[in-house]
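Each remark here refers to the structure printed beneath this line.
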Amino acid sequence: MRFRRPVAVVISALAAVTLLATPASAESYGPIKSSCSGTKLETWYLSDGGTSLGRTELWYSSVSGGQNCVVTYNYLAGSVPTGVSLWVDDNNNRVLDSGDRNSYDFGTYASYAGASYRNDTNGHCVKVKGEISSGSLYDSFVTGWRNCG
């Protein structure tokens, strides 16, 4: 009986942490993990006017037939719409079409979207999209096909 109150406090604390960690809204497709690993290949910075909004990173690891991973970090206060997407040119035609795999994560996050990744990317080009917005501030980009090999 002595343990009821401490157990209730722990359960309440865990519930609060879960609510704080959960984004207000999110849409994702494909595999997502907590962070990218391996070698950071490229970084793109997102800004609007003179305001730095965040950055998107592309990572590569040789695990699982080659793994490409992308994550967008936002620098803004509070939770803001943040997104990242990765495409793999599986049919090697350098055209975005139904033969390509996609993985993305777009939502309202306090720190980052992703990490979105795809395995078996060796020998294939990838394309990356990053996006951040907050009020009147907005920036996004889509790369061309890159890191083919």
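Residues in the structure tokens are named by chain (A, B, ... in the order shown) and by number from 1 within that chain; ligands are numbered from 1 in the order shown.
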
Shell around A:Cys125 at 7 Å using only C-alpha atoms, local window under 6 positions removed, as a short mmCIF file (atom, residue, chain, number, x, y, z; two decimals) with N, CA and C atoms, in the first residue's frame:
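Everything below was put into result25.cif:
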data_model
loop_
_atom_site.label_atom_id
_atom_site.label_comp_id
_atom_site.auth_asym_id
_atom_site.auth_seq_id
_atom_site.Cartn_x
_atom_site.Cartn_y
_atom_site.Cartn_z
N VAL A 88 14.47 7.57 -53.63
CA VAL A 88 15.53 6.72 -54.19
C VAL A 88 15.14 6.37 -55.62
N ASP A 89 16.03 6.66 -56.56
CA ASP A 89 15.79 6.40 -57.99
C ASP A 89 16.06 4.92 -58.29
N TRP A 145 18.82 14.94 -58.47
CA TRP A 145 19.34 13.62 -58.12
C TRP A 145 20.82 13.76 -57.79
N ARG A 146 21.27 13.05 -56.75
CA ARG A 146 22.64 13.21 -56.27
C ARG A 146 23.14 11.93 -55.62
N ASN A 147 24.42 11.93 -55.32
CA ASN A 147 25.05 10.81 -54.63
C ASN A 147 24.74 9.47 -55.29
N CYS A 148 24.85 9.47 -56.60
CA CYS A 148 24.57 8.27 -57.39
C CYS A 148 25.78 7.33 -57.28
N GLY A 149 25.54 6.12 -56.86
CA GLY A 149 26.67 5.20 -56.81
C GLY A 149 26.60 4.21 -55.71
#

With 9 Å as the cut-off and only C-alpha atoms counted, what is the closest atom pair between each nearby residue of stretch 17-120 of chain A and stretch 126-137 of chain A? Distances in Å to one decimal, ordered by chain and number, as a Markdown table.
| residue | atom | partner | partner_atom | distance |
| --- | --- | --- | --- | --- |
| A:Trp44 | CA | A:Gly130 | CA | 8.2 |
| A:Leu46 | CA | A:Ile132 | CA | 7.3 |
| A:Ser47 | CA | A:Leu137 | CA | 8.2 |
| A:Asp48 | CA | A:Leu137 | CA | 5.9 |
| A:Gly49 | CA | A:Leu137 | CA | 8.4 |
| A:Thr51 | CA | A:Leu137 | CA | 8.2 |
| A:Leu53 | CA | A:Ile132 | CA | 6.7 |
| A:Gly54 | CA | A:Ile132 | CA | 7.3 |
| A:Arg55 | CA | A:Gly130 | CA | 7.9 |
| A:Thr56 | CA | A:Gly130 | CA | 5.9 |
| A:Glu57 | CA | A:Gly130 | CA | 8.8 |
| A:Leu58 | CA | A:Val128 | CA | 7.7 |
| A:Asn68 | CA | A:Val126 | CA | 8.0 |
| A:Val70 | CA | A:Val128 | CA | 7.5 |
| A:Val71 | CA | A:Gly130 | CA | 8.2 |
| A:Thr72 | CA | A:Gly130 | CA | 6.2 |
| A:Tyr73 | CA | A:Ile132 | CA | 8.8 |
| A:Asn74 | CA | A:Ile132 | CA | 6.9 |
| A:Leu76 | CA | A:Ser134 | CA | 8.1 |
| A:Ser79 | CA | A:Ser134 | CA | 8.9 |
| A:Val80 | CA | A:Ser134 | CA | 5.8 |
| A:Pro81 | CA | A:Ser133 | CA | 5.5 |
| A:Thr82 | CA | A:Ile132 | CA | 4.5 |
| A:Gly83 | CA | A:Glu131 | CA | 5.0 |
| A:Val84 | CA | A:Gly130 | CA | 4.6 |
| A:Ser85 | CA | A:Lys129 | CA | 5.0 |
| A:Leu86 | CA | A:Val128 | CA | 4.8 |
| A:Trp87 | CA | A:Lys127 | CA | 5.1 |
| A:Val88 | CA | A:Val126 | CA | 4.6 |
| A:Asp89 | CA | A:Val126 | CA | 6.1 |
| A:Leu96 | CA | A:Lys127 | CA | 8.9 |
| A:Tyr104 | CA | A:Lys129 | CA | 8.9 |
| A:Phe106 | CA | A:Glu131 | CA | 8.5 |

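Each of A:Ser111, A:Thr43, A:Thr143, A:Thr121 was compared to A:Asp90 using only C-alpha atoms, and A:Thr121 turns out to be the nearest.
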
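DSSP secondary structure from the backbone places Arg4, Arg5, Pro6, Val7, Ala8, Val9, Val10, Ile11, Ser12, Ala13, Leu14, Ala15, Ala16, Val17, Thr18, Leu19, Leu20 and Ala21 of chain A of chain A in alpha helix (DSSP H).
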
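Here the question is which of A:Gly107, A:Gly50, A:Gly66, A:Gly78 gets nearest to A:Gly123 using only C-alpha atoms, and that residue is A:Gly66.
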